Amino acid sequence: MVYSRWRRTLPQWLRVRPLELPGRGARFGEPLQTDMHVLARQLAKELLPAVRQPYVLFGHSLGALLAFELAHALRELGCPPPLMLFASGTAAPTRREDYEKGYAQAKSDTELIAELRELQGTPEEVLASRELMSLTLPILRADFLMCGRYHYRQPPRLALPIHVLGGTRDRSSLEQLQAWAAETASDFSLDMFEGGHFFIHEHESRVLQVITERLSSRRVAVRGEVAEHG
């Protein structure tokens, strides 16, 4: 898992905790979810013990949208907000028109494999393996349905900075990425990287550098606030 690998590169004061979703890995026996809001509420309840200390949320692609809804679900439970939300590789919640068109209905195996080829993030030997595809395609199908059936609920703006990462050749346009700014009552920033949807792999060191720099500045600000109120 890419996020597990980040542990070896990010500073020690940043502890990476990848979220395992239902139907995957150790949670393989749990049913896959296709409702974003239901999944966000479920994860928020599971994370209650972990959010008693300062934390941030990061998500790439569909994970970015899930991180956004998770931030709102945690707020509804009365939890302290994350220090920052990183939304990577996907359009803002209000600009999902392109995603809804093709993903609202379940795709066939052939269509899903074609989507994977277009995204250029899966080796051909993996796509050709019936065993691997039999495990992967049901998860991918559920994820596409979750994406296509997502409905924006016009929640109050988040009182936390949102930092967006995008690829210059990814599906999301610059305007769709900049629309994330409407979801925060705090600061907004955007970093663009050369590449397609999987720019976070192609430019991993630079992506981690940007994350570290953003969080370092926020860490200093939080320490200052603690000192002032201490």
# chains A, B, ... in the order shown; residues from 1 in each chain; ligands from 1
$ residues_around --residues "segment 158-173 of chain A" --least-positions-apart "2" --cutoff "7 Å" --atoms "only C-alpha atoms" --output "PyMOL selection string"
chain A and resi 83-91+156+175-177+183-197+199
$ select_by_dssp --residues "segment 7-167 of chain A" --states "helix (DSSP H, G or I)" --output "ChimeraX atom specification"
/A:25-27,36-46,50-52,62-76,97-103,109-119,124-127,130-148
$ residues_around --residues "Ala106 of chain A" --least-positions-apart "3" --cutoff "12 Å" --atoms "only C-alpha atoms" --output "PyMOL selection string"
chain A and resi 34+100-103+109-112+137-149
$ atom_distance --atom1 "atom CA of Leu21 of chain A" --atom2 "atom CA of Arg7 of chain A"
19.4 Å
$ atom_distance --atom1 "atom CA of Glu213 of chain A" --atom2 "atom CA of Val51 of chain A"
21.9 Å
$ select_by_dssp --residues "segment 5-227 of chain A" --states "strand (DSSP E)" --output "CSV table (one decimal) with C-alpha atoms, in the first residue's frame"
chain,number,residue,atom,x,y,z
A,57,LEU,CA,-7.0,13.9,6.5
A,58,PHE,CA,-5.5,12.9,3.1
A,59,GLY,CA,-7.3,11.3,0.2
A,60,HIS,CA,-6.5,10.7,-3.4
A,85,LEU,CA,-7.6,18.4,4.6
A,86,PHE,CA,-5.5,17.2,1.6
A,87,ALA,CA,-7.7,16.5,-1.5
A,88,SER,CA,-5.7,14.9,-4.3
A,162,ILE,CA,-7.9,22.7,2.3
A,163,HIS,CA,-4.9,21.9,0.2
A,164,VAL,CA,-5.5,20.4,-3.2
A,165,LEU,CA,-3.1,18.4,-5.4
A,166,GLY,CA,-3.7,17.9,-9.1
A,167,GLY,CA,-2.1,16.4,-12.2
A,188,PHE,CA,-7.0,27.2,0.3
A,189,SER,CA,-4.0,26.3,-1.8
A,190,LEU,CA,-3.4,24.2,-4.9
A,191,ASP,CA,-0.3,22.5,-6.2
A,192,MET,CA,-0.1,21.0,-9.7
A,193,PHE,CA,2.2,18.2,-10.8
$ atom_distance --atom1 "atom CA of Arg15 of chain A" --atom2 "atom CA of Ile211 of chain A"
12.7 Å
$ closest_residue --among "A:Leu19, A:Leu14, A:Leu47, A:Val126" --to "Val2 of chain A" --atoms "only C-alpha atoms"
A:Leu19
$ closest_residue --among "A:Arg5, A:Pro22, A:Pro93, A:Ala44" --to "Ser205 of chain A" --atoms "only C-alpha atoms"
A:Arg5
$ closest_residue --among "A:Pro155, A:Pro18, A:Gly25, A:Gly78" --to "Arg52 of chain A" --atoms "only C-alpha atoms"
A:Gly78
$ closest_residue --among "A:Tyr3, A:Arg8, A:Leu135, A:Tyr152" --to "Leu66 of chain A" --atoms "only C-alpha atoms"
A:Tyr152
$ closest_residue --among "A:Trp180, A:Arg24, A:Val210, A:Arg117" --to "Arg96 of chain A" --atoms "only C-alpha atoms"
A:Trp180
